[in-house]
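Visitor: Dropping in target.cif, which is mmCIF, C-alpha atoms and all ligand atoms:
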```cif
data_structure
loop_
_atom_site.label_atom_id
_atom_site.label_comp_id
_atom_site.auth_asym_id
_atom_site.auth_seq_id
_atom_site.Cartn_x
_atom_site.Cartn_y
_atom_site.Cartn_z
CA MET A 138 -57.85 -3.88 246.09
CA ASN A 139 -58.67 -6.10 243.13
CA PHE A 140 -56.83 -5.41 239.89
CA ALA A 141 -59.91 -3.94 238.17
CA THR A 142 -60.20 -1.32 240.91
CA LYS A 143 -56.47 -0.81 241.29
CA VAL A 144 -56.09 0.02 237.62
CA LEU A 145 -58.37 3.05 238.19
CA HIS A 146 -57.78 3.94 241.82
CA GLY A 147 -54.38 2.45 242.72
CA THR A 148 -52.74 5.81 242.22
CA SER A 149 -54.22 9.26 241.95
CA CYS A 150 -56.83 9.06 239.19
CA PHE A 151 -57.48 12.79 239.03
CA ASP A 152 -55.38 15.92 239.04
CA PRO A 153 -54.71 16.86 242.67
CA VAL A 154 -54.53 20.56 241.77
CA THR A 155 -57.76 21.09 239.80
CA GLY A 156 -59.65 17.83 240.25
CA ALA A 157 -59.55 17.22 236.48
CA SER A 158 -60.64 13.65 235.76
CA SER A 159 -57.47 12.82 233.90
CA VAL A 160 -53.92 13.83 234.71
CA PRO A 161 -53.14 16.93 232.62
CA ILE A 162 -50.48 16.95 229.94
CA TYR A 163 -47.83 19.19 231.47
CA GLN A 164 -46.32 20.37 228.21
CA ALA A 165 -43.32 22.00 229.86
CA SER A 166 -39.61 21.36 229.55
CA THR A 167 -38.61 23.26 232.67
CA PHE A 168 -40.06 24.44 235.96
CA HIS A 169 -39.72 27.80 237.68
CA GLN A 170 -37.74 27.60 240.91
CA ALA A 171 -39.22 30.01 243.45
CA ASP A 172 -36.35 29.68 245.89
CA LEU A 173 -32.82 28.66 244.88
CA ASP A 174 -32.22 27.23 248.33
CA ARG A 175 -35.32 25.04 248.21
CA PRO A 176 -35.61 23.35 244.80
CA GLY A 177 -39.12 22.28 243.74
CA THR A 178 -40.20 18.67 243.08
CA PHE A 179 -39.59 19.19 239.36
CA ASP A 180 -36.76 21.12 237.76
CA TYR A 181 -36.20 19.92 234.19
CA ALA A 182 -38.53 17.58 232.32
CA ARG A 183 -35.97 14.95 231.32
CA SER A 184 -35.41 14.46 235.04
CA GLY A 185 -39.11 14.48 235.87
CA ASN A 186 -42.50 15.77 234.74
CA PRO A 187 -45.82 15.40 236.60
CA THR A 188 -47.54 13.68 233.65
CA ARG A 189 -44.76 11.14 233.27
CA GLN A 190 -44.59 10.70 237.02
CA ALA A 191 -48.29 9.80 237.15
CA LEU A 192 -47.76 7.02 234.59
CA GLU A 193 -44.61 5.83 236.34
CA GLU A 194 -46.42 5.61 239.67
CA ALA A 195 -49.36 3.79 238.06
CA ILE A 196 -47.26 1.04 236.51
CA ALA A 197 -45.18 0.63 239.70
CA CYS A 198 -48.41 0.20 241.66
CA LEU A 199 -49.83 -2.38 239.24
CA GLU A 200 -46.64 -4.45 239.09
CA GLY A 201 -46.19 -4.26 242.86
CA GLY A 202 -42.80 -2.55 242.59
CA GLU A 203 -41.11 0.41 244.23
CA ARG A 204 -40.24 2.63 241.23
CA GLY A 205 -41.68 2.94 237.72
CA PHE A 206 -40.08 4.46 234.64
CA ALA A 207 -41.50 5.50 231.29
CA PHE A 208 -39.29 5.28 228.21
CA ALA A 209 -39.58 6.33 224.58
CA SER A 210 -40.24 2.73 223.45
CA GLY A 211 -40.04 -0.83 224.68
CA MET A 212 -36.54 -1.03 223.19
CA ALA A 213 -35.56 2.20 224.98
CA ALA A 214 -36.68 0.57 228.26
CA ILE A 215 -34.82 -2.65 227.46
CA SER A 216 -31.58 -0.96 226.35
CA SER A 217 -31.66 1.39 229.34
CA VAL A 218 -32.11 -1.53 231.75
CA PHE A 219 -29.13 -3.31 230.17
CA MET A 220 -27.05 -0.22 230.99
CA LEU A 221 -27.17 -1.45 234.60
CA PHE A 222 -24.49 -3.93 233.48
CA SER A 223 -20.84 -3.12 232.82
CA ALA A 224 -18.11 -4.28 230.45
CA GLY A 225 -17.08 -7.81 231.42
CA ASP A 226 -20.52 -8.76 232.71
CA HIS A 227 -22.39 -11.75 231.32
CA VAL A 228 -26.17 -12.19 231.10
CA VAL A 229 -28.15 -15.39 230.53
CA VAL A 230 -30.98 -14.66 228.09
CA ALA A 231 -34.05 -16.65 227.05
CA GLU A 232 -33.39 -17.75 223.47
CA ASP A 233 -36.65 -16.67 221.92
CA VAL A 234 -36.69 -13.09 223.13
CA TYR A 235 -38.27 -10.36 221.05
CA GLY A 236 -36.35 -9.93 217.77
CA GLY A 237 -35.36 -6.35 218.56
CA THR A 238 -33.93 -7.45 221.92
CA PHE A 239 -31.95 -10.17 220.16
CA ARG A 240 -30.60 -7.60 217.69
CA PHE A 241 -29.69 -5.14 220.47
CA LEU A 242 -27.88 -7.82 222.47
CA THR A 243 -25.98 -9.37 219.57
CA ARG A 244 -25.19 -6.27 217.51
CA VAL A 245 -24.94 -3.37 219.98
CA LEU A 246 -24.37 -4.61 223.51
CA SER A 247 -21.75 -7.10 222.28
CA ARG A 248 -19.63 -4.10 221.20
CA MET A 249 -19.74 -2.77 224.78
CA GLY A 250 -18.08 -5.88 226.19
CA ILE A 251 -21.25 -7.27 227.76
CA THR A 252 -21.75 -10.88 226.71
CA VAL A 253 -24.88 -12.99 226.64
CA THR A 254 -25.66 -16.69 226.43
CA PHE A 255 -29.00 -17.72 224.95
CA VAL A 256 -30.71 -20.68 226.59
CA ASP A 257 -34.04 -22.45 226.40
CA ALA A 258 -35.28 -20.85 229.61
CA SER A 259 -38.30 -23.14 229.73
CA ARG A 260 -35.70 -25.68 230.87
CA THR A 261 -34.67 -24.31 234.23
CA GLU A 262 -31.53 -26.48 234.28
CA GLU A 263 -30.26 -24.82 231.09
CA VAL A 264 -30.42 -21.48 232.87
CA ARG A 265 -28.42 -22.82 235.80
CA ALA A 266 -25.85 -24.46 233.51
CA ALA A 267 -25.20 -21.20 231.63
CA ILE A 268 -24.22 -19.24 234.75
CA THR A 269 -20.50 -18.37 234.88
CA PRO A 270 -18.46 -16.40 237.46
CA ALA A 271 -19.02 -13.30 235.23
CA THR A 272 -22.82 -13.69 235.13
CA LYS A 273 -24.70 -10.75 236.63
CA GLY A 274 -28.23 -11.20 235.34
CA ILE A 275 -30.93 -13.36 233.78
CA TYR A 276 -33.26 -11.90 231.15
CA LEU A 277 -36.59 -13.63 230.47
CA GLU A 278 -39.78 -13.34 228.47
CA THR A 279 -42.64 -15.66 229.33
CA PRO A 280 -44.64 -16.81 227.47
CA SER A 281 -42.05 -16.33 224.78
CA ASN A 282 -42.53 -14.74 221.40
CA PRO A 283 -43.82 -16.22 219.13
CA THR A 284 -43.76 -19.89 220.20
CA LEU A 285 -45.18 -19.22 223.68
CA LYS A 286 -42.76 -21.27 225.72
CA VAL A 287 -43.23 -20.86 229.45
CA THR A 288 -40.42 -20.18 231.92
CA ASP A 289 -40.89 -21.03 235.58
CA LEU A 290 -40.25 -17.56 237.02
CA ALA A 291 -40.12 -18.62 240.67
CA ALA A 292 -37.67 -21.47 239.96
CA VAL A 293 -35.35 -19.28 237.87
CA SER A 294 -35.53 -16.50 240.47
CA ARG A 295 -34.46 -18.97 243.17
CA ILE A 296 -31.41 -19.96 241.11
CA ALA A 297 -30.66 -16.27 240.53
CA LYS A 298 -30.78 -15.52 244.26
CA GLU A 299 -28.31 -18.35 244.95
CA HIS A 300 -25.85 -16.56 242.64
CA GLY A 301 -26.78 -12.96 243.45
CA LEU A 302 -28.07 -12.25 239.91
CA LEU A 303 -30.63 -9.70 238.75
CA VAL A 304 -33.75 -11.21 237.19
CA ILE A 305 -35.30 -9.07 234.46
CA VAL A 306 -38.62 -10.05 232.88
CA ASP A 307 -40.23 -8.63 229.74
CA ASN A 308 -43.90 -8.87 230.78
CA THR A 309 -45.36 -7.38 227.60
CA PHE A 310 -47.45 -10.41 226.62
CA LEU A 311 -49.34 -10.87 229.89
CA THR A 312 -49.24 -7.45 231.59
CA PRO A 313 -49.58 -7.11 235.39
CA TYR A 314 -53.23 -8.10 235.08
CA TYR A 315 -52.25 -11.73 234.47
CA GLN A 316 -48.67 -11.97 235.71
CA ARG A 317 -46.62 -10.02 238.25
CA PRO A 318 -43.01 -11.24 238.00
CA LEU A 319 -41.83 -9.12 240.97
CA GLU A 320 -44.10 -11.19 243.24
CA LEU A 321 -42.40 -14.33 241.89
CA GLY A 322 -38.89 -13.09 242.71
CA ALA A 323 -37.89 -10.96 239.71
CA ASP A 324 -36.08 -7.65 240.26
CA ILE A 325 -37.13 -5.66 237.20
CA VAL A 326 -40.17 -5.86 234.93
CA ILE A 327 -40.18 -4.34 231.46
CA HIS A 328 -43.03 -3.58 229.05
CA SER A 329 -43.43 -2.52 225.53
CA ALA A 330 -46.42 -0.32 226.42
CA THR A 331 -46.92 -0.03 222.66
CA LYS A 332 -48.79 -3.32 223.04
CA PHE A 333 -51.51 -4.22 225.57
CA ILE A 334 -50.93 -1.37 228.01
CA GLY A 335 -51.37 1.36 225.38
CA GLY A 336 -53.73 -1.02 223.64
CA HIS A 337 -54.87 1.03 220.66
CA SER A 338 -52.00 0.84 218.14
CA ASP A 339 -51.54 4.59 218.45
CA VAL A 340 -48.48 5.07 220.63
CA VAL A 341 -44.94 3.67 220.97
CA ALA A 342 -43.81 3.49 224.60
CA GLY A 343 -41.84 1.48 227.13
CA LEU A 344 -42.07 0.97 230.88
CA ALA A 345 -39.88 -0.54 233.56
CA VAL A 346 -40.49 -1.22 237.25
CA THR A 347 -37.93 -2.11 239.91
CA ARG A 348 -38.75 -4.20 242.90
CA ASP A 349 -36.73 -2.14 245.37
CA ALA A 350 -35.81 1.49 245.88
CA ALA A 351 -32.03 1.06 245.59
CA LEU A 352 -32.30 -0.53 242.16
CA GLY A 353 -34.85 2.17 241.35
CA GLU A 354 -32.22 4.84 242.12
CA GLN A 355 -29.74 3.11 239.79
CA LEU A 356 -32.27 2.92 236.95
CA TYR A 357 -33.36 6.51 237.56
CA PHE A 358 -29.73 7.59 237.16
CA ILE A 359 -29.63 5.79 233.80
CA GLN A 360 -33.03 7.10 232.65
CA ASN A 361 -31.99 10.66 233.43
CA GLY A 362 -28.45 10.16 232.17
CA MET A 363 -29.33 8.51 228.85
CA GLY A 364 -32.50 10.51 228.38
CA ALA A 365 -34.68 7.99 226.53
CA ILE A 366 -37.80 9.29 228.31
CA LEU A 367 -41.38 9.11 227.09
CA GLY A 368 -42.89 12.42 225.99
CA VAL A 369 -45.84 13.77 227.94
CA GLN A 370 -48.45 13.42 225.18
CA ASP A 371 -47.56 9.75 224.86
CA CYS A 372 -47.56 9.33 228.66
CA TRP A 373 -51.15 10.58 228.63
CA LEU A 374 -52.14 8.18 225.84
CA VAL A 375 -50.59 5.24 227.70
CA MET A 376 -52.49 6.19 230.89
CA ARG A 377 -55.70 6.43 228.91
CA GLY A 378 -55.08 2.96 227.47
CA LEU A 379 -54.14 1.54 230.86
CA LYS A 380 -57.56 2.41 232.33
CA THR A 381 -59.28 -0.18 230.13
CA LEU A 382 -56.53 -2.83 230.27
CA LYS A 383 -58.53 -5.36 232.25
CA ALA A 384 -61.72 -4.97 230.26
CA ARG A 385 -59.84 -5.31 226.99
CA LEU A 386 -57.80 -8.31 228.09
CA ASP A 387 -60.84 -10.15 229.45
CA VAL A 388 -62.46 -10.05 226.02
CA SER A 389 -59.32 -10.57 223.91
CA THR A 390 -58.15 -13.52 226.00
CA GLN A 391 -61.50 -15.24 225.74
CA THR A 392 -61.42 -14.74 221.98
CA ALA A 393 -57.82 -16.01 221.72
CA GLY A 394 -58.79 -19.18 223.60
CA LYS A 395 -61.74 -19.76 221.33
CA ILE A 396 -59.66 -19.23 218.18
CA ALA A 397 -56.83 -21.46 219.48
CA HIS A 398 -59.23 -24.34 220.13
CA TRP A 399 -60.88 -23.87 216.76
CA LEU A 400 -57.55 -23.74 214.91
CA SER A 401 -56.37 -26.93 216.64
CA ALA A 402 -59.16 -28.81 214.90
CA HIS A 403 -58.63 -27.25 211.47
CA PRO A 404 -56.91 -29.59 208.96
CA ALA A 405 -55.00 -26.76 207.26
CA VAL A 406 -53.15 -25.94 210.49
CA THR A 407 -50.19 -28.12 211.44
CA ARG A 408 -49.61 -26.68 214.92
CA VAL A 409 -51.11 -24.23 217.36
CA TYR A 410 -49.14 -22.56 220.15
CA TYR A 411 -51.26 -21.27 223.02
CA THR A 412 -50.64 -21.87 226.70
CA GLY A 413 -54.34 -22.46 227.28
CA LEU A 414 -54.40 -25.60 225.10
CA ALA A 415 -54.40 -28.94 226.88
CA GLY A 416 -51.30 -30.21 225.04
CA HIS A 417 -49.14 -27.17 225.79
CA PRO A 418 -46.07 -28.33 227.77
CA GLY A 419 -45.95 -25.12 229.83
CA ARG A 420 -49.64 -24.98 230.67
CA HIS A 421 -49.30 -26.09 234.26
CA ILE A 422 -46.58 -23.58 235.15
CA GLN A 423 -48.48 -20.88 233.31
CA GLU A 424 -51.55 -21.57 235.44
CA VAL A 425 -49.50 -21.48 238.63
CA GLN A 426 -47.71 -18.20 237.92
CA ALA A 427 -50.27 -16.30 235.83
CA SER A 428 -54.02 -15.82 236.13
CA GLY A 429 -54.71 -15.90 232.39
CA HIS A 430 -53.31 -17.15 229.09
CA GLY A 431 -53.35 -13.84 227.27
CA ALA A 432 -54.50 -12.77 223.84
CA VAL A 433 -51.59 -13.95 221.69
CA LEU A 434 -51.34 -17.28 219.92
CA SER A 435 -49.32 -18.62 217.00
CA PHE A 436 -50.10 -21.27 214.45
CA ASP A 437 -48.29 -22.98 211.62
CA VAL A 438 -49.82 -23.38 208.20
CA GLY A 439 -46.85 -25.33 206.84
CA SER A 440 -45.12 -23.06 204.35
CA ARG A 441 -44.40 -19.48 203.37
CA GLU A 442 -46.65 -19.84 200.32
CA ARG A 443 -49.58 -20.88 202.49
CA ALA A 444 -48.90 -18.16 205.06
CA LYS A 445 -48.88 -15.59 202.26
CA ALA A 446 -52.16 -16.97 200.88
CA LEU A 447 -53.69 -16.66 204.35
CA PHE A 448 -52.55 -13.04 204.70
CA ASP A 449 -53.93 -12.29 201.22
CA ARG A 450 -57.35 -13.73 202.05
CA VAL A 451 -58.17 -12.60 205.59
CA LYS A 452 -60.36 -9.52 205.72
CA LEU A 453 -60.75 -8.61 209.40
CA PRO A 454 -57.33 -8.72 211.06
CA ILE A 455 -54.85 -6.07 210.09
CA VAL A 456 -51.60 -7.59 208.87
CA ALA A 457 -48.93 -5.80 210.80
CA VAL A 458 -45.93 -5.84 213.08
CA SER A 459 -47.18 -5.48 216.67
CA LEU A 460 -49.79 -7.01 218.94
CA GLY A 461 -51.95 -6.18 221.92
CA ALA A 462 -54.48 -3.83 220.40
CA VAL A 463 -58.23 -3.32 220.06
CA GLU A 464 -58.06 -4.67 216.51
CA THR A 465 -56.93 -8.22 215.79
CA ILE A 466 -53.42 -8.28 214.36
CA LEU A 467 -51.90 -11.03 212.27
CA SER A 468 -48.16 -11.00 211.86
CA TYR A 469 -45.52 -13.04 210.14
CA PRO A 470 -42.65 -13.48 212.61
CA ALA A 471 -40.16 -14.82 210.05
CA ALA A 472 -40.22 -11.54 208.12
CA MET A 473 -41.45 -9.12 210.79
CA SER A 474 -40.65 -9.38 214.52
CA HIS A 475 -37.88 -11.95 213.99
CA ALA A 476 -36.45 -10.71 210.69
CA ALA A 477 -33.35 -9.62 212.61
CA MET A 478 -32.67 -13.25 213.54
CA PRO A 479 -30.56 -15.37 211.15
CA ALA A 480 -32.70 -17.90 209.23
CA ALA A 481 -31.03 -20.97 210.73
CA GLU A 482 -31.45 -19.54 214.23
CA ARG A 483 -35.13 -18.87 213.54
CA GLN A 484 -35.85 -22.35 212.20
CA ALA A 485 -34.10 -23.91 215.19
CA ARG A 486 -36.43 -21.94 217.46
CA GLY A 487 -39.58 -23.12 215.70
CA ILE A 488 -40.11 -19.78 213.94
CA THR A 489 -40.75 -21.54 210.64
CA ASP A 490 -41.77 -20.00 207.34
CA GLY A 491 -45.33 -21.18 207.93
CA LEU A 492 -45.70 -19.60 211.37
CA VAL A 493 -48.35 -16.93 211.85
CA ARG A 494 -48.95 -14.96 215.06
CA LEU A 495 -52.37 -13.72 216.01
CA SER A 496 -53.14 -11.13 218.65
CA ALA A 497 -56.86 -11.14 219.36
CA GLY A 498 -58.61 -7.79 219.51
CA LEU A 499 -62.14 -6.86 220.47
CA GLU A 500 -64.06 -8.02 217.40
CA GLU A 501 -66.72 -10.72 217.88
CA ALA A 502 -64.88 -14.06 218.10
CA ASP A 503 -67.29 -15.78 215.73
CA ASP A 504 -66.68 -13.17 213.04
CA LEU A 505 -62.92 -13.67 213.35
CA ILE A 506 -63.32 -17.44 213.15
CA ALA A 507 -65.55 -17.18 210.06
CA ASP A 508 -62.95 -14.95 208.42
CA LEU A 509 -60.07 -17.31 209.27
CA GLN A 510 -62.17 -20.23 208.05
CA GLN A 511 -62.78 -18.78 204.59
CA ALA A 512 -59.06 -17.98 204.29
CA LEU A 513 -57.80 -21.34 205.58
CA ASP A 514 -60.25 -23.33 203.46
CA GLN A 515 -58.70 -21.84 200.32
CA LEU A 516 -55.02 -22.39 201.08
CA PRO A 517 -52.95 -24.13 198.37
CA PRO A 518 -52.16 -27.77 199.22
CA LEU A 519 -49.28 -28.48 201.54
CA GLU A 520 -46.14 -29.67 199.78
CA HIS A 521 -44.87 -32.51 201.86
CA GLU A 522 -41.23 -32.33 200.78
CA HIS A 523 -40.91 -29.38 203.20
CA ALA A 524 -40.84 -31.45 206.34
CA ILE A 525 -42.77 -29.94 209.19
CA PRO A 526 -41.85 -31.03 212.68
CA THR A 527 -44.59 -33.15 214.15
CA THR A 528 -46.16 -31.97 217.35
CA LYS A 529 -44.25 -34.61 219.24
CA GLU A 530 -40.80 -33.73 217.85
CA ALA A 531 -41.33 -30.05 218.32
CA PHE A 532 -42.60 -30.39 221.86
CA THR A 533 -39.58 -32.47 222.89
CA ARG A 534 -37.56 -29.29 222.72
CA ALA A 535 -39.90 -27.43 225.04
C1 LIG A 601 -42.80 -4.92 220.81
C2 LIG A 601 -42.02 -5.62 221.84
C3 LIG A 601 -40.84 -5.07 222.34
C4 LIG A 601 -40.26 -3.77 221.82
O1 LIG A 601 -41.07 -2.69 222.13
P1 LIG A 601 -41.16 -1.34 221.25
O2 LIG A 601 -42.18 -0.54 221.97
O3 LIG A 601 -41.58 -1.75 219.87
O4 LIG A 601 -39.80 -0.74 221.24
C5 LIG A 601 -40.19 -5.74 223.36
N1 LIG A 601 -40.65 -6.91 223.83
C6 LIG A 601 -41.77 -7.48 223.36
C7 LIG A 601 -42.24 -8.77 223.94
C8 LIG A 601 -42.50 -6.86 222.36
O5 LIG A 601 -43.60 -7.44 221.88
#
```
Here is a file; write its structure as structure tokens.

Guide:
Amino acid sequence: MNFATKVLHGTSCFDPVTGASSVPIYQASTFHQADLDRPGTFDYARSGNPTRQALEEAIACLEGGERGFAFASGMAAISSVFMLFSAGDHVVVAEDVYGGTFRFLTRVLSRMGITVTFVDASRTEEVRAAITPATKGIYLETPSNPTLKVTDLAAVSRIAKEHGLLVIVDNTFLTPYYQRPLELGADIVIHSATKFIGGHSDVVAGLAVTRDAALGEQLYFIQNGMGAILGVQDCWLVMRGLKTLKARLDVSTQTAGKIAHWLSAHPAVTRVYYTGLAGHPGRHIQEVQASGHGAVLSFDVGSRERAKALFDRVKLPIVAVSLGAVETILSYPAAMSHAAMPAAERQARGITDGLVRLSAGLEEADDLIADLQQALDQLPPLEHEHAIPTTKEAFTRA
């Protein structure tokens, strides 16, 4: 089945009991047991609910995994997955992970005796070099947020297998439509379904999928034990969003590509990060392991003052934390998604004060470009004493 069909028919697309065209919201916390000796499929809704199960089966099917799990948020999914590790374990983590993941790892997990080493995972050798006898896992996000560095998932998974490590991939940016990490050797895929999968900026949710059943049992034990499950109303909203995932991403990705090319030629922009651009160092790997470049791009306007002027002048995009929605979203990583990261750390990772992230929505691309043009054309002049890394210098790190 092709993805477009699978997204609608991969798992049961109607209620098996009544034939209703969408899975009902089973607003129930507990389930009557007709026979104490023969417990029913569901007993208590933290442990399982038919609405949540439908979403969990759908995401497992789309990612090509054995078991799916729905959590209260992307961070709930991420923190629950990290509970697979124990005190004394070490995890190698891609350095430009989502800001909330960075905060969880450095401020919460560190107190539990689980240590992490951040590496530039786009350099496979750095991943290998960071592995110690205590290492139990590798945690990746590709393309990374917000500088869109690409990690070779198959190469890192091969290294992981040599050392018996779990490979965990946050696949929020590309979704299973464009990239299926389990097929490339990963063991667990995570999503903030708040983004493209939900797709309408109206629900906060997280998903995880394990490649095999045994790991699925372990994660189920944690999901049920910690209890960070997604409520049934939100499960329904995520399923509703999921049905149009392909159609939305087709349009948004095309728009993102158009905007990225246009921005590259604009004199007010010092750098554009998008894996679909010819100069992107990860473009080749991206095209091998993913079938699209996605709807997110970042660009640098040189300074905080200029970024602020841009945000003040644009009229179409909403200025907000988040991405992956029907409306175009502009965000300011330095003060939003990566505010939790110390300033020096941010700068070192290319998350400069002039960096702006754009997640393309479903508006007409030409209207978005016209809006960006009027805003960019009015930016205050660039003050050159704030040195901006040239394309060449910055790419050497990638
Ligand atoms: C938003 C996001 C998260 C966190 O998800 P929430 O649903 O906000 O908890 C994790 N990873 C990535 C890549 C994200 O964009």

Visitor: Quick one: of A:Pro270, A:Pro283, A:Gly368, A:Gly378, who's nearest to Pro187 in chain A, counting all atoms listed in the file?

Guide: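 Counting all atoms listed in the file, the residue closest to Pro187 in chain A is A:Gly368.
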
Visitor: For CA of Leu505 in chain A and CA of Gly461 in chain A, quote the distance in Å rounded to one decimal.

Guide: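 Interatomic distance, CA of Leu505 in chain A to CA of Gly461 in chain A: 15.8 Å.
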
Visitor: What are the centre and edge lengths in Å, to one decimal, of the axis-aligned box around all listed atoms of ligand LIG 601 (chain A) with 3 Å added on each side, as JSON?

Guide:
```
{"center_x": -41.7, "center_y": -4.7, "center_z": 221.9, "size_x": 9.8, "size_y": 14.2, "size_z": 10.1}
```

Visitor: Select the residues contacting ligand LIG 601 (chain A) at a distance of at most 7 Å, based on all atoms listed in the file, then format the selection as a list in words.

Guide: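 Selection of residues at most 7 Å from ligand LIG 601 (chain A): Ser210, Gly211, Met212, Ala213, Tyr235, Gly237, Thr238, Glu278, Asn282, Asp307, Thr309, Phe310, His328, Ser329, Ala330, Thr331, Lys332, Val341, Ala342, Gly343, Ser459 and Leu460 of chain A.
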
Visitor: What does the distance from CA of Pro454 in chain A to CA of Val306 in chain A come to in Å, to one decimal?

Guide: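 Computing it gives 28.8 Å between the two atoms.
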
Visitor: Using only C-alpha atoms, which residue out of A:Leu242, A:Val388, A:Leu192, A:Val230 lies closest to Thr254 in chain A?

Guide: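 Closest candidate: A:Val230.
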
Visitor: Please, what distance in Å, to one decimal, runs between CA of His417 in chain A and CA of His475 in chain A?

Guide: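 Pair CA of His417 in chain A / CA of His475 in chain A returns 22.3 Å.
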
Visitor: Which of these residues is nearest to Leu321 in chain A, using only C-alpha atoms: A:Val253, A:Leu290, A:Ile196, A:Ala365?

Guide: A:Leu290

Visitor: Might you pull out every residue within 8 Å of Met376 in chain A, with all atoms listed in the file counted and same-chain residues fewer than 3 positions away left off, and present them as a list in words?

Guide: Leu192, Gly335, Cys372, Trp373, Leu379 and Lys380 of chain A

Visitor: Go through A:Tyr163, A:Glu354, A:Ala462, A:Leu509 and flag the residue nearest Leu400 in chain A, using only C-alpha atoms for the distances.

Guide: A:Leu509

Visitor: I need the residue nearest Gln370 in chain A from this list: A:Glu232, A:Asp339, A:Asp349, A:Asp226. Use only C-alpha atoms for the distance.

Guide: A:Asp339

Visitor: Each residue of range 376-446 of chain A lying at most 10 Å from range 484-501 of chain A should get a row with its shortest atom-to-atom pair and the distance in Å to one decimal, counting only C-alpha atoms; could you produce that, ordered by chain and increasing number, as JSON lines?

Guide:
```
{"residue": "A:Ala384", "atom": "CA", "partner": "A:Leu499", "partner_atom": "CA", "distance": 10.0}
{"residue": "A:Arg385", "atom": "CA", "partner": "A:Leu499", "partner_atom": "CA", "distance": 7.1}
{"residue": "A:Leu386", "atom": "CA", "partner": "A:Gly498", "partner_atom": "CA", "distance": 8.6}
{"residue": "A:Asp387", "atom": "CA", "partner": "A:Leu499", "partner_atom": "CA", "distance": 9.7}
{"residue": "A:Val388", "atom": "CA", "partner": "A:Leu499", "partner_atom": "CA", "distance": 6.4}
{"residue": "A:Ser389", "atom": "CA", "partner": "A:Ala497", "partner_atom": "CA", "distance": 5.2}
{"residue": "A:Thr390", "atom": "CA", "partner": "A:Ala497", "partner_atom": "CA", "distance": 7.2}
{"residue": "A:Gln391", "atom": "CA", "partner": "A:Ala497", "partner_atom": "CA", "distance": 8.9}
{"residue": "A:Thr392", "atom": "CA", "partner": "A:Ala497", "partner_atom": "CA", "distance": 6.4}
{"residue": "A:Ala393", "atom": "CA", "partner": "A:Ala497", "partner_atom": "CA", "distance": 5.5}
{"residue": "A:Gly394", "atom": "CA", "partner": "A:Ala497", "partner_atom": "CA", "distance": 9.3}
{"residue": "A:Ile396", "atom": "CA", "partner": "A:Ala497", "partner_atom": "CA", "distance": 8.6}
{"residue": "A:Ala397", "atom": "CA", "partner": "A:Leu495", "partner_atom": "CA", "distance": 9.6}
{"residue": "A:Val406", "atom": "CA", "partner": "A:Gly491", "partner_atom": "CA", "distance": 9.5}
{"residue": "A:Thr407", "atom": "CA", "partner": "A:Gly491", "partner_atom": "CA", "distance": 9.2}
{"residue": "A:Arg408", "atom": "CA", "partner": "A:Leu492", "partner_atom": "CA", "distance": 8.8}
{"residue": "A:Val409", "atom": "CA", "partner": "A:Leu492", "partner_atom": "CA", "distance": 9.3}
{"residue": "A:Tyr410", "atom": "CA", "partner": "A:Arg494", "partner_atom": "CA", "distance": 9.1}
{"residue": "A:Gly431", "atom": "CA", "partner": "A:Ser496", "partner_atom": "CA", "distance": 9.0}
{"residue": "A:Ala432", "atom": "CA", "partner": "A:Ala497", "partner_atom": "CA", "distance": 5.3}
{"residue": "A:Val433", "atom": "CA", "partner": "A:Ser496", "partner_atom": "CA", "distance": 4.4}
{"residue": "A:Leu434", "atom": "CA", "partner": "A:Leu495", "partner_atom": "CA", "distance": 5.4}
{"residue": "A:Ser435", "atom": "CA", "partner": "A:Arg494", "partner_atom": "CA", "distance": 4.2}
{"residue": "A:Phe436", "atom": "CA", "partner": "A:Val493", "partner_atom": "CA", "distance": 5.4}
{"residue": "A:Asp437", "atom": "CA", "partner": "A:Leu492", "partner_atom": "CA", "distance": 4.3}
{"residue": "A:Val438", "atom": "CA", "partner": "A:Gly491", "partner_atom": "CA", "distance": 5.0}
{"residue": "A:Gly439", "atom": "CA", "partner": "A:Gly491", "partner_atom": "CA", "distance": 4.6}
{"residue": "A:Ser440", "atom": "CA", "partner": "A:Gly491", "partner_atom": "CA", "distance": 4.0}
{"residue": "A:Arg441", "atom": "CA", "partner": "A:Asp490", "partner_atom": "CA", "distance": 4.8}
{"residue": "A:Glu442", "atom": "CA", "partner": "A:Gly491", "partner_atom": "CA", "distance": 7.8}
{"residue": "A:Arg443", "atom": "CA", "partner": "A:Gly491", "partner_atom": "CA", "distance": 6.9}
{"residue": "A:Ala444", "atom": "CA", "partner": "A:Gly491", "partner_atom": "CA", "distance": 5.5}
{"residue": "A:Lys445", "atom": "CA", "partner": "A:Gly491", "partner_atom": "CA", "distance": 8.7}
```

Visitor: Tell me which residues come within 12 Å of (-43.1, 24.6, 236.9), as number ranges by chain, counting only C-alpha atoms in the file's coordinates.

Guide: A: 163-171, 176-182, 185-187

Visitor: Neighbours of range 145-157 of chain A within 8 Å (all atoms listed in the file; same-chain residues fewer than 6 positions away dropped), as a count of residues only?

Guide: 7

Visitor: Give the answer as one residue: which of A:Arg204, A:Arg317, A:Lys452, A:His337 has the shortest atom-to-atom distance to Gly353 in chain A, using only C-alpha atoms?

Guide: A:Arg204

Visitor: Quick one: residues within 12 Å of Ser247 in chain A, all atoms listed in the file, excluding same-chain residues fewer than 2 positions away - as a ChimeraX atom specification?

Guide: /A:219,222-228,239-245,249-254

Visitor: Residues proximal to (-42.4, -18.2, 237.0) were defined as those with any atom within 7 Å of that point in the file's coordinates, counting all atoms listed in the file. Which are they, as a list in words?

Guide: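 Every polymer residue passing the test: Thr288, Asp289, Leu290, Ala291, Ala292, Leu321 and Gln426 of chain A.
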